[in-house]
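> Sending over structure.pdb (PDB, C-alpha atoms and all ligand atoms).
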```pdb
MODEL        1
ATOM      1  CA  MET A   1      -0.078 161.213  -5.570
ATOM      2  CA  SER A   2      -1.245 163.401  -2.687
ATOM      3  CA  ILE A   3       1.442 165.960  -2.132
ATOM      4  CA  ALA A   4       0.367 169.488  -1.353
ATOM      5  CA  LEU A   5       2.952 172.196  -1.697
ATOM      6  CA  ASP A   6       2.720 175.654  -0.229
ATOM      7  CA  MET A   7       4.422 178.171  -2.447
ATOM      8  CA  ASP A   8       6.479 181.201  -1.670
ATOM      9  CA  SER A   9       8.587 181.542  -4.775
ATOM     10  CA  ALA A  10       8.364 181.218  -8.535
ATOM     11  CA  LYS A  11      10.731 178.254  -8.364
ATOM     12  CA  ASN A  12       8.475 176.426  -5.940
ATOM     13  CA  ARG A  13       5.430 177.349  -7.972
ATOM     14  CA  LYS A  14       6.943 175.631 -10.998
ATOM     15  CA  HIS A  15       7.679 172.517  -8.925
ATOM     16  CA  ALA A  16       4.224 172.602  -7.368
ATOM     17  CA  SER A  17       2.464 172.710 -10.704
ATOM     18  CA  THR A  18       3.973 169.359 -11.639
ATOM     19  CA  SER A  19       3.642 167.436  -8.407
ATOM     20  CA  ALA A  20       0.727 168.765  -6.361
ATOM     21  CA  SER A  21      -2.670 167.173  -6.527
ATOM     22  CA  ALA A  22      -5.847 167.325  -4.468
ATOM     23  CA  PRO A  23      -6.342 164.614  -1.869
ATOM     24  CA  SER A  24      -8.971 162.043  -2.651
ATOM     25  CA  GLY A  25     -10.961 159.488  -0.668
ATOM     26  CA  SER A  26     -12.468 159.706   2.795
ATOM     27  CA  ALA A  27     -11.398 158.848   6.317
ATOM     28  CA  SER A  28     -13.042 158.635   9.700
ATOM     29  CA  CYS A  29      -9.784 158.952  11.627
ATOM     30  CA  SER A  30      -6.877 161.280  10.878
ATOM     31  CA  VAL A  31      -3.385 161.179  12.325
ATOM     32  CA  ILE A  32      -1.447 164.430  11.986
ATOM     33  CA  VAL A  33       2.338 164.276  12.113
ATOM     34  CA  PRO A  34       4.358 167.516  12.204
ATOM     35  CA  ALA A  35       7.771 166.714  10.768
ATOM     36  CA  PHE A  36      11.008 168.479  10.119
ATOM     37  CA  ARG A  37      13.871 166.399   8.746
ATOM     38  CA  GLU A  38      12.280 163.144   9.818
ATOM     39  CA  ASN A  39      12.703 161.119   6.621
ATOM     40  CA  ALA A  40      14.349 158.155   8.371
ATOM     41  CA  ASN A  41      11.396 157.860  10.768
ATOM     42  CA  LEU A  42       8.524 158.144   8.278
ATOM     43  CA  ARG A  43       8.429 154.597   6.900
ATOM     44  CA  PRO A  44       8.492 152.814  10.308
ATOM     45  CA  LEU A  45       6.003 155.345  11.667
ATOM     46  CA  VAL A  46       3.450 154.919   8.878
ATOM     47  CA  THR A  47       3.744 151.124   8.581
ATOM     48  CA  ARG A  48       3.462 150.659  12.355
ATOM     49  CA  LEU A  49       0.473 153.021  12.483
ATOM     50  CA  PHE A  50      -1.500 151.138   9.840
ATOM     51  CA  GLN A  51      -0.478 147.782  11.353
ATOM     52  CA  ALA A  52      -1.672 148.891  14.808
ATOM     53  CA  PHE A  53      -4.884 150.273  13.330
ATOM     54  CA  SER A  54      -5.847 147.210  11.288
ATOM     55  CA  SER A  55      -4.911 144.652  13.945
ATOM     56  CA  HIS A  56      -6.771 146.404  16.776
ATOM     57  CA  ALA A  57      -9.734 144.470  18.195
ATOM     58  CA  SER A  58     -12.032 147.470  17.568
ATOM     59  CA  SER A  59     -10.726 148.369  14.109
ATOM     60  CA  SER A  60     -14.231 148.097  12.589
ATOM     61  CA  GLU A  61     -15.462 150.757  15.020
ATOM     62  CA  LEU A  62     -12.630 153.061  13.942
ATOM     63  CA  GLY A  63     -13.332 152.983  10.180
ATOM     64  CA  ASP A  64     -10.686 154.350   7.803
ATOM     65  CA  LEU A  65      -7.375 155.940   8.683
ATOM     66  CA  GLU A  66      -5.534 158.752   6.928
ATOM     67  CA  VAL A  67      -2.079 159.975   7.903
ATOM     68  CA  ILE A  68      -1.082 163.553   7.126
ATOM     69  CA  ILE A  69       2.568 164.553   7.425
ATOM     70  CA  VAL A  70       3.075 168.318   7.664
ATOM     71  CA  ASP A  71       6.673 168.921   6.629
ATOM     72  CA  ASP A  72       8.446 172.284   6.576
ATOM     73  CA  ASN A  73      10.362 171.843   3.355
ATOM     74  CA  SER A  74      12.920 169.437   4.841
ATOM     75  CA  ARG A  75      14.256 168.411   1.407
ATOM     76  CA  ASP A  76      15.617 165.230   2.962
ATOM     77  CA  GLY A  77      13.749 162.678   0.876
ATOM     78  CA  SER A  78      10.558 162.770   2.979
ATOM     79  CA  VAL A  79       8.414 163.478  -0.093
ATOM     80  CA  GLU A  80       9.895 160.506  -1.967
ATOM     81  CA  THR A  81       9.367 158.239   1.057
ATOM     82  CA  VAL A  82       5.697 159.241   1.225
ATOM     83  CA  GLU A  83       5.322 158.657  -2.534
ATOM     84  CA  LEU A  84       6.712 155.143  -2.071
ATOM     85  CA  LEU A  85       4.333 154.477   0.803
ATOM     86  CA  GLN A  86       1.418 155.739  -1.295
ATOM     87  CA  SER A  87       2.427 153.471  -4.170
ATOM     88  CA  THR A  88       2.242 150.476  -1.831
ATOM     89  CA  GLY A  89      -1.296 151.411  -0.808
ATOM     90  CA  TYR A  90      -0.914 153.432   2.391
ATOM     91  CA  ASN A  91      -3.406 156.276   2.820
ATOM     92  CA  VAL A  92      -0.742 158.840   3.676
ATOM     93  CA  ARG A  93      -0.060 162.274   2.247
ATOM     94  CA  ILE A  94       2.457 165.001   2.837
ATOM     95  CA  VAL A  95       1.897 168.743   2.976
ATOM     96  CA  VAL A  96       5.157 170.572   2.301
ATOM     97  CA  ARG A  97       5.108 174.118   3.648
ATOM     98  CA  THR A  98       7.573 176.520   2.142
ATOM     99  CA  ALA A  99       6.161 179.822   3.359
ATOM    100  CA  GLU A 100       5.755 178.975   7.043
ATOM    101  CA  ARG A 101       7.705 177.189   9.777
ATOM    102  CA  GLY A 102       6.960 176.044  13.299
ATOM    103  CA  LEU A 103       5.575 173.091  15.188
ATOM    104  CA  SER A 104       2.241 174.517  16.400
ATOM    105  CA  SER A 105       1.269 176.008  13.063
ATOM    106  CA  ALA A 106       2.161 172.712  11.358
ATOM    107  CA  VAL A 107      -0.206 170.853  13.696
ATOM    108  CA  VAL A 108      -2.981 173.385  13.083
ATOM    109  CA  ARG A 109      -2.460 173.066   9.333
ATOM    110  CA  GLY A 110      -2.778 169.281   9.610
ATOM    111  CA  PHE A 111      -6.005 169.519  11.611
ATOM    112  CA  ARG A 112      -7.434 171.894   9.016
ATOM    113  CA  GLU A 113      -6.536 169.483   6.203
ATOM    114  CA  ALA A 114      -7.904 166.428   8.019
ATOM    115  CA  ARG A 115     -11.133 164.743   6.979
ATOM    116  CA  GLY A 116     -11.617 162.501  10.011
ATOM    117  CA  ALA A 117     -14.108 163.228  12.790
ATOM    118  CA  ARG A 118     -11.485 161.876  15.211
ATOM    119  CA  MET A 119      -8.033 163.429  14.945
ATOM    120  CA  ILE A 120      -4.740 162.585  16.659
ATOM    121  CA  CYS A 121      -1.480 164.546  16.701
ATOM    122  CA  MET A 122       1.795 162.718  17.265
ATOM    123  CA  ASP A 123       5.533 163.236  16.755
ATOM    124  CA  ALA A 124       7.315 161.653  13.814
ATOM    125  CA  ASP A 125      10.281 160.418  15.833
ATOM    126  CA  LEU A 126       8.533 157.370  17.370
ATOM    127  CA  GLN A 127       8.674 158.802  20.893
ATOM    128  CA  HIS A 128       4.889 158.449  20.772
ATOM    129  CA  PRO A 129       4.153 154.748  20.231
ATOM    130  CA  PRO A 130       2.051 154.164  17.085
ATOM    131  CA  GLU A 131       0.552 151.125  18.847
ATOM    132  CA  ALA A 132      -1.162 153.463  21.353
ATOM    133  CA  VAL A 133      -2.947 155.459  18.640
ATOM    134  CA  PRO A 134      -6.061 153.213  18.334
ATOM    135  CA  SER A 135      -6.706 153.596  22.098
ATOM    136  CA  LEU A 136      -6.482 157.373  21.813
ATOM    137  CA  LEU A 137      -8.829 157.384  18.819
ATOM    138  CA  LEU A 138     -11.330 155.117  20.592
ATOM    139  CA  ALA A 139     -11.300 157.371  23.655
ATOM    140  CA  LEU A 140     -12.840 160.145  21.535
ATOM    141  CA  ASN A 141     -16.629 159.849  21.529
ATOM    142  CA  ASP A 142     -19.820 161.855  22.142
ATOM    143  CA  HIS A 143     -18.780 162.492  25.769
ATOM    144  CA  LYS A 144     -15.032 162.937  25.368
ATOM    145  CA  SER A 145     -13.946 165.463  22.772
ATOM    146  CA  PHE A 146     -10.297 165.685  23.852
ATOM    147  CA  VAL A 147      -7.818 162.921  24.622
ATOM    148  CA  LEU A 148      -4.343 163.307  26.047
ATOM    149  CA  GLY A 149      -1.585 160.768  25.957
ATOM    150  CA  THR A 150      -0.236 161.336  29.450
ATOM    151  CA  ARG A 151       3.282 160.650  30.682
ATOM    152  CA  TYR A 152       2.086 160.936  34.282
ATOM    153  CA  GLY A 153      -0.663 158.309  34.388
ATOM    154  CA  GLU A 154      -0.900 155.126  36.411
ATOM    155  CA  GLY A 155       1.849 152.640  35.604
ATOM    156  CA  VAL A 156       4.012 155.278  33.899
ATOM    157  CA  ALA A 157       6.932 156.552  35.931
ATOM    158  CA  MET A 158       8.387 158.716  33.265
ATOM    159  CA  ASP A 159      10.389 161.255  35.240
ATOM    160  CA  LYS A 160      11.653 159.061  38.058
ATOM    161  CA  ASP A 161      15.032 158.701  36.315
ATOM    162  CA  TRP A 162      15.309 162.409  35.543
ATOM    163  CA  PRO A 163      17.749 164.602  37.475
ATOM    164  CA  LEU A 164      16.135 166.469  40.403
ATOM    165  CA  HIS A 165      16.193 169.888  38.691
ATOM    166  CA  ARG A 166      14.290 168.499  35.666
ATOM    167  CA  GLN A 167      11.705 166.904  37.918
ATOM    168  CA  ILE A 168      11.217 170.238  39.736
ATOM    169  CA  ILE A 169      10.910 172.191  36.467
ATOM    170  CA  SER A 170       8.490 169.621  35.063
ATOM    171  CA  SER A 171       6.147 169.612  38.072
ATOM    172  CA  GLY A 172       6.419 173.426  38.364
ATOM    173  CA  ALA A 173       5.393 173.790  34.715
ATOM    174  CA  ARG A 174       2.413 171.495  35.215
ATOM    175  CA  MET A 175       1.390 173.290  38.407
ATOM    176  CA  LEU A 176       1.342 176.641  36.595
ATOM    177  CA  ALA A 177      -1.115 175.194  34.064
ATOM    178  CA  ARG A 178      -3.410 173.823  36.793
ATOM    179  CA  PRO A 179      -5.796 176.813  36.883
ATOM    180  CA  LEU A 180      -6.243 176.419  33.116
ATOM    181  CA  THR A 181      -7.014 172.701  32.953
ATOM    182  CA  SER A 182      -7.241 169.634  35.173
ATOM    183  CA  ALA A 183      -5.355 167.537  32.612
ATOM    184  CA  SER A 184      -2.318 165.761  34.078
ATOM    185  CA  ASP A 185      -0.058 166.354  31.061
ATOM    186  CA  PRO A 186      -1.253 169.380  29.076
ATOM    187  CA  MET A 187       2.227 169.793  27.583
ATOM    188  CA  SER A 188       1.964 166.444  25.812
ATOM    189  CA  GLY A 189       2.473 166.429  22.051
ATOM    190  CA  PHE A 190       0.487 163.172  21.828
ATOM    191  CA  PHE A 191      -3.177 164.084  21.914
ATOM    192  CA  GLY A 192      -6.434 164.002  20.021
ATOM    193  CA  ILE A 193      -9.479 166.141  19.454
ATOM    194  CA  THR A 194     -12.777 165.739  17.633
ATOM    195  CA  SER A 195     -13.184 167.816  14.501
ATOM    196  CA  SER A 196     -16.141 169.657  16.068
ATOM    197  CA  ALA A 197     -14.175 170.668  19.192
ATOM    198  CA  PHE A 198     -11.317 171.793  16.938
ATOM    199  CA  LYS A 199     -13.705 173.991  14.948
ATOM    200  CA  ASN A 200     -14.825 175.648  18.206
ATOM    201  CA  ALA A 201     -11.238 176.658  18.942
ATOM    202  CA  ASP A 202     -10.033 177.364  15.411
ATOM    203  CA  HIS A 203     -10.700 181.140  15.288
ATOM    204  CA  ASN A 204      -8.847 181.714  18.600
ATOM    205  CA  ILE A 205      -5.864 179.402  18.133
ATOM    206  CA  ASN A 206      -2.402 180.849  18.564
ATOM    207  CA  ALA A 207      -0.547 178.961  15.837
ATOM    208  CA  GLN A 208       2.745 180.493  17.007
ATOM    209  CA  GLY A 209       2.150 179.284  20.575
ATOM    210  CA  PHE A 210       4.438 176.871  22.373
ATOM    211  CA  LYS A 211       2.297 173.891  23.364
ATOM    212  CA  ILE A 212      -0.573 173.450  20.961
ATOM    213  CA  ALA A 213      -2.461 170.870  23.076
ATOM    214  CA  LEU A 214      -2.667 173.346  25.976
ATOM    215  CA  ASP A 215      -3.803 176.117  23.617
ATOM    216  CA  LEU A 216      -6.541 173.886  22.166
ATOM    217  CA  LEU A 217      -7.609 172.645  25.597
ATOM    218  CA  VAL A 218      -8.245 176.185  26.772
ATOM    219  CA  LYS A 219      -9.609 177.662  23.549
ATOM    220  CA  SER A 220     -11.941 174.828  22.544
ATOM    221  CA  GLY A 221     -13.790 175.318  25.831
ATOM    222  CA  VAL A 222     -13.802 171.532  26.397
ATOM    223  CA  PRO A 223     -14.888 170.960  30.042
ATOM    224  CA  ASN A 224     -12.571 168.954  32.271
ATOM    225  CA  SER A 225     -15.123 166.114  32.301
ATOM    226  CA  ALA A 226     -14.776 165.756  28.510
ATOM    227  CA  ILE A 227     -11.007 165.123  28.641
ATOM    228  CA  ALA A 228      -9.881 161.483  28.431
ATOM    229  CA  GLU A 229      -6.386 160.487  29.484
ATOM    230  CA  ILE A 230      -4.427 157.496  28.197
ATOM    231  CA  PRO A 231      -1.099 156.756  29.916
ATOM    232  CA  PHE A 232       1.787 155.982  27.585
ATOM    233  CA  SER A 233       5.524 155.525  27.955
ATOM    234  CA  PHE A 234       7.472 158.264  26.237
ATOM    235  CA  GLY A 235      10.022 156.494  24.044
ATOM    236  CA  ILE A 236      13.483 157.404  22.832
ATOM    237  CA  ARG A 237      13.874 159.317  19.562
ATOM    238  CA  GLN A 238      14.760 156.730  16.908
ATOM    239  CA  GLU A 239      16.536 158.843  14.272
ATOM    240  CA  GLY A 240      17.525 162.493  13.786
ATOM    241  CA  GLU A 241      17.667 165.106  16.505
ATOM    242  CA  SER A 242      15.359 167.192  18.695
ATOM    243  CA  LYS A 243      14.375 170.618  17.358
ATOM    244  CA  LEU A 244      13.741 172.109  20.784
ATOM    245  CA  ASP A 245      15.956 175.050  21.684
ATOM    246  CA  GLY A 246      16.928 176.678  24.990
ATOM    247  CA  LYS A 247      14.078 179.213  24.953
ATOM    248  CA  VAL A 248      11.455 176.693  26.045
ATOM    249  CA  MET A 249      10.830 178.150  29.505
ATOM    250  CA  ILE A 250      10.358 181.681  28.166
ATOM    251  CA  ASN A 251       8.075 180.421  25.392
ATOM    252  CA  TYR A 252       6.048 178.500  27.952
ATOM    253  CA  LEU A 253       5.645 181.496  30.294
ATOM    254  CA  GLU A 254       4.581 183.688  27.364
ATOM    255  CA  GLN A 255       1.970 181.120  26.402
ATOM    256  CA  LEU A 256       0.685 180.846  29.980
ATOM    257  CA  ALA A 257       0.297 184.640  30.165
ATOM    258  CA  GLU A 258      -1.782 184.637  26.974
ATOM    259  CA  LEU A 259      -3.956 181.730  28.111
ATOM    260  CA  TYR A 260      -4.564 183.207  31.580
ATOM    261  CA  ARG A 261      -5.688 186.447  29.916
ATOM    262  CA  PHE A 262      -7.892 184.469  27.507
ATOM    263  CA  LYS A 263      -9.540 182.420  30.238
ATOM    264  CA  PHE A 264      -9.796 184.894  33.118
ATOM    265  CA  GLY A 265      -9.528 188.341  31.468
ATOM    266  CA  THR A 266      -6.763 190.952  31.778
ATOM    267  CA  LEU A 267      -7.874 192.772  34.956
ATOM    268  CA  PRO A 268      -8.192 189.700  37.212
ATOM    269  CA  CYS A 269      -4.758 188.555  35.969
ATOM    270  CA  ILE A 270      -3.158 191.908  36.861
ATOM    271  CA  PHE A 271      -4.858 191.802  40.279
ATOM    272  CA  VAL A 272      -3.542 188.290  41.025
ATOM    273  CA  LEU A 273      -0.072 189.292  39.790
ATOM    274  CA  ILE A 274       0.009 192.295  42.155
ATOM    275  CA  LEU A 275      -1.149 190.095  45.062
ATOM    276  CA  ALA A 276       1.570 187.549  44.233
ATOM    277  CA  LEU A 277       4.198 190.326  44.144
ATOM    278  CA  ILE A 278       3.070 191.700  47.520
ATOM    279  CA  LEU A 279       3.165 188.174  48.978
ATOM    280  CA  ALA A 280       6.649 187.547  47.540
ATOM    281  CA  LEU A 281       7.906 190.869  48.974
ATOM    282  CA  TYR A 282       6.393 190.021  52.366
ATOM    283  CA  ILE A 283       8.018 186.552  52.431
ATOM    284  CA  TRP A 284      11.355 188.053  51.366
ATOM    285  CA  SER A 285      11.389 190.875  53.931
ATOM    286  CA  HIS A 286       9.872 188.987  56.892
ATOM    287  CA  LEU A 287      11.239 185.472  56.470
ATOM    288  CA  VAL A 288      14.103 185.104  53.975
ATOM    289  CA  TYR A 289      16.006 188.378  54.610
ATOM    290  CA  PRO A 290      16.034 188.123  58.461
ATOM    291  CA  LEU A 291      17.085 184.458  58.219
ATOM    292  CA  LEU A 292      19.965 185.122  55.825
ATOM    293  CA  PHE A 293      21.234 188.558  56.839
ATOM    294  CA  SER A 294      20.520 189.165  60.521
TER     295      SER A 294
HETATM  296  N1  LIG B 301       6.607 170.825  10.504
HETATM  297  C1  LIG B 301       7.394 171.034  11.575
HETATM  298  N2  LIG B 301       7.607 170.042  12.449
HETATM  299  C2  LIG B 301       8.419 170.291  13.515
HETATM  300  C3  LIG B 301       9.042 171.536  13.727
HETATM  301  N3  LIG B 301       9.774 171.466  14.887
HETATM  302  C4  LIG B 301       9.615 170.209  15.342
HETATM  303  N4  LIG B 301       8.805 169.493  14.509
HETATM  304  C5  LIG B 301       8.364 168.106  14.649
HETATM  305  O1  LIG B 301       7.648 168.014  15.865
HETATM  306  C6  LIG B 301       7.885 166.773  16.512
HETATM  307  C7  LIG B 301       8.464 167.043  17.923
HETATM  308  O2  LIG B 301       9.723 167.685  17.810
HETATM  309  P1  LIG B 301      11.014 167.183  18.599
HETATM  310  O3  LIG B 301      12.166 167.929  18.052
HETATM  311  O4  LIG B 301      11.070 165.688  18.544
HETATM  312  O5  LIG B 301      10.700 167.683  20.063
HETATM  313  P2  LIG B 301      11.042 166.909  21.435
HETATM  314  O6  LIG B 301      10.445 165.536  21.339
HETATM  315  O7  LIG B 301      10.368 167.738  22.478
HETATM  316  O8  LIG B 301      12.529 166.884  21.502
HETATM  317  C8  LIG B 301       8.829 165.997  15.591
HETATM  318  O9  LIG B 301       8.070 165.177  14.760
HETATM  319  C9  LIG B 301       9.505 167.105  14.789
HETATM  320  O10 LIG B 301       9.967 166.674  13.529
HETATM  321  C10 LIG B 301       8.796 172.580  12.787
HETATM  322  O11 LIG B 301       9.289 173.708  12.892
HETATM  323  N5  LIG B 301       7.969 172.274  11.735
HETATM  324 MG    MG B 302      10.843 164.162  19.947
ENDMDL
END
```
What does this structure look like when you write it as structure tokens?


Amino acid sequence: MSIALDMDSAKNRKHASTSASAPSGSASCSVIVPAFRENANLRPLVTRLFQAFSSHASSSELGDLEVIIVDDNSRDGSVETVELLQSTGYNVRIVVRTAERGLSSAVVRGFREARGARMICMDADLQHPPEAVPSLLLALNDHKSFVLGTRYGEGVAMDKDWPLHRQIISSGARMLARPLTSASDPMSGFFGITSSAFKNADHNINAQGFKIALDLLVKSGVPNSAIAEIPFSFGIRQEGESKLDGKVMINYLEQLAELYRFKFGTLPCIFVLILALILALYIWSHLVYPLLFS
């Protein structure tokens, strides 16, 4: 059985000593799945992934697949589900973290554990279609070291049904990331990276950051020409509930500030901020104020 347990207490240590074992075997492709209380989604996710992988026309080019679930001690039967899947021959393992929590750090942990040269990250809740994974994996090659599943590509009209305020927030958020990357959907949680590009970023990664794909895009130094984009339709969560809370905008702005400093340096950022403030003051005092109050 391949179950790795992180330990933060004597009780867990005792449990770990009986059930943990080192992973075995090799893989050329790794799929990383951060998961918190996703037991009901794990079986359909893993079976659909392997089905999509083996039935793909280019499956021989892809080689072997491993799936790594990074679970934050959900205690909802996820471990038992993975054991069952393993016993029926699926190359899947689960890392149960007990000392750490958080989506980005779970993804980073999975990438560090992975043995594939091509690595994909996807949600457990089936909002990212497992059937699209082979296309993302195949998009990674010597010239493309990053692939993004984009919700804004051709043929995908993902936010046309959203209320106006959500559409404005969504395009505003993407616009703010524009100076950092040309990618159309850098906030996507469905993305892939080669193991070598990941190693380039690893020492700078902010594992507490908000959107890990955006962090990796900036910190791996992957040029815009090396980013592939695959449009996909964002599905509906199948089971369980979203773990996102109301602080998303603040978390996103904090992450942008860090990435702007990383990419452009602190002084240029302060300079641009002061210019933006002066411009905002000018617009307020010369255009908005006279229009509203005179
Ligand atoms: N390991 C781990 N996974 C998480 C955590 N928060 C969210 N996830 C997983 O990350 C994926 C995306 O989270 P979700 O709540 O669906 O976000 P949403 O799709 O933006 O609503 C799902 O597979 C979650 O189970 C966390 O703190 N730790
Ligand atoms: Mg989700």

> Taking 5 positions as the minimum chain separation for residues in the same chain, which residues sit within 9 Å of Ser28 of chain A when counting all atoms listed in the file? Answer as a list in words.

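Once the adjacent positions are removed, what remains is Leu62, Gly63, Asp64, Leu65, Glu66, Arg115, Gly116, Ala117, Arg118 and Met119 of chain A.
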
> Taking into account all atoms listed in the file, which residue in the set A:Ile69, A:Val31, A:Val82, A:Val46 is nearest to Ile120 of chain A?

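Between A:Ile69, A:Val31, A:Val82, A:Val46, the residue approaching Ile120 of chain A most closely is A:Val31.
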
> Suppose you want the space between atom CA of Ile227 of chain A and atom CA of Val156 of chain A; what is it in Å?

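Pair atom CA of Ile227 of chain A / atom CA of Val156 of chain A returns 18.7 Å.
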
> Within 12 Å of ligand MG 302 (chain B), counting all atoms listed in the file: which residues, as an MDAnalysis selection string?

chainID A and resid 33:38 41 103 122:129 188:190 234:244

> As AutoDock Vina command-line options, please: the centre and edge lengths in Å, to one decimal, of an axis-aligned box enclosing every listed atom of ligand LIG 301 (chain B) with 6 Å added on each side.


```
--center_x 9.6 --center_y 169.4 --center_z 16.5 --size_x 17.9 --size_y 20.5 --size_z 24.0
```

> What does the distance from atom CA of Thr181 of chain A to atom CA of Pro134 of chain A come to in Å, to one decimal?

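Atom CA of Pro134 of chain A lies at a distance of 24.4 Å from atom CA of Thr181 of chain A.
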
> What's the separation between atom CA of His203 of chain A and atom CA of Lys144 of chain A, in Å to one decimal place?

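Going from atom CA of His203 of chain A over to atom CA of Lys144 of chain A, I get 21.3 Å.
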
> Could you state which residues are captured by the PyMOL selection byres (((chain A and resi 94) around 6) and not hetatm) in this file, as a list in words?

Ile3, Ile68, Ile69, Val70, Arg93 and Val95 of chain A

> Kindly extract all protein, DNA and RNA residues lying within 12 Å of the coordinates (0.3, 175.3, 34.6) given in the file, considering all atoms listed in the file, and supply them as number ranges by chain.

A: 169-187, 211, 214-215, 218, 252-257, 259-260

> Take the PyMOL selection byres (((chain A and resi 138) around 12) and not hetatm), apply it to the structure above, and return the hits as an MDAnalysis selection string.

chainID A and resid 28:29 53 56:63 117:120 132:137 139:147 192:194 228:230
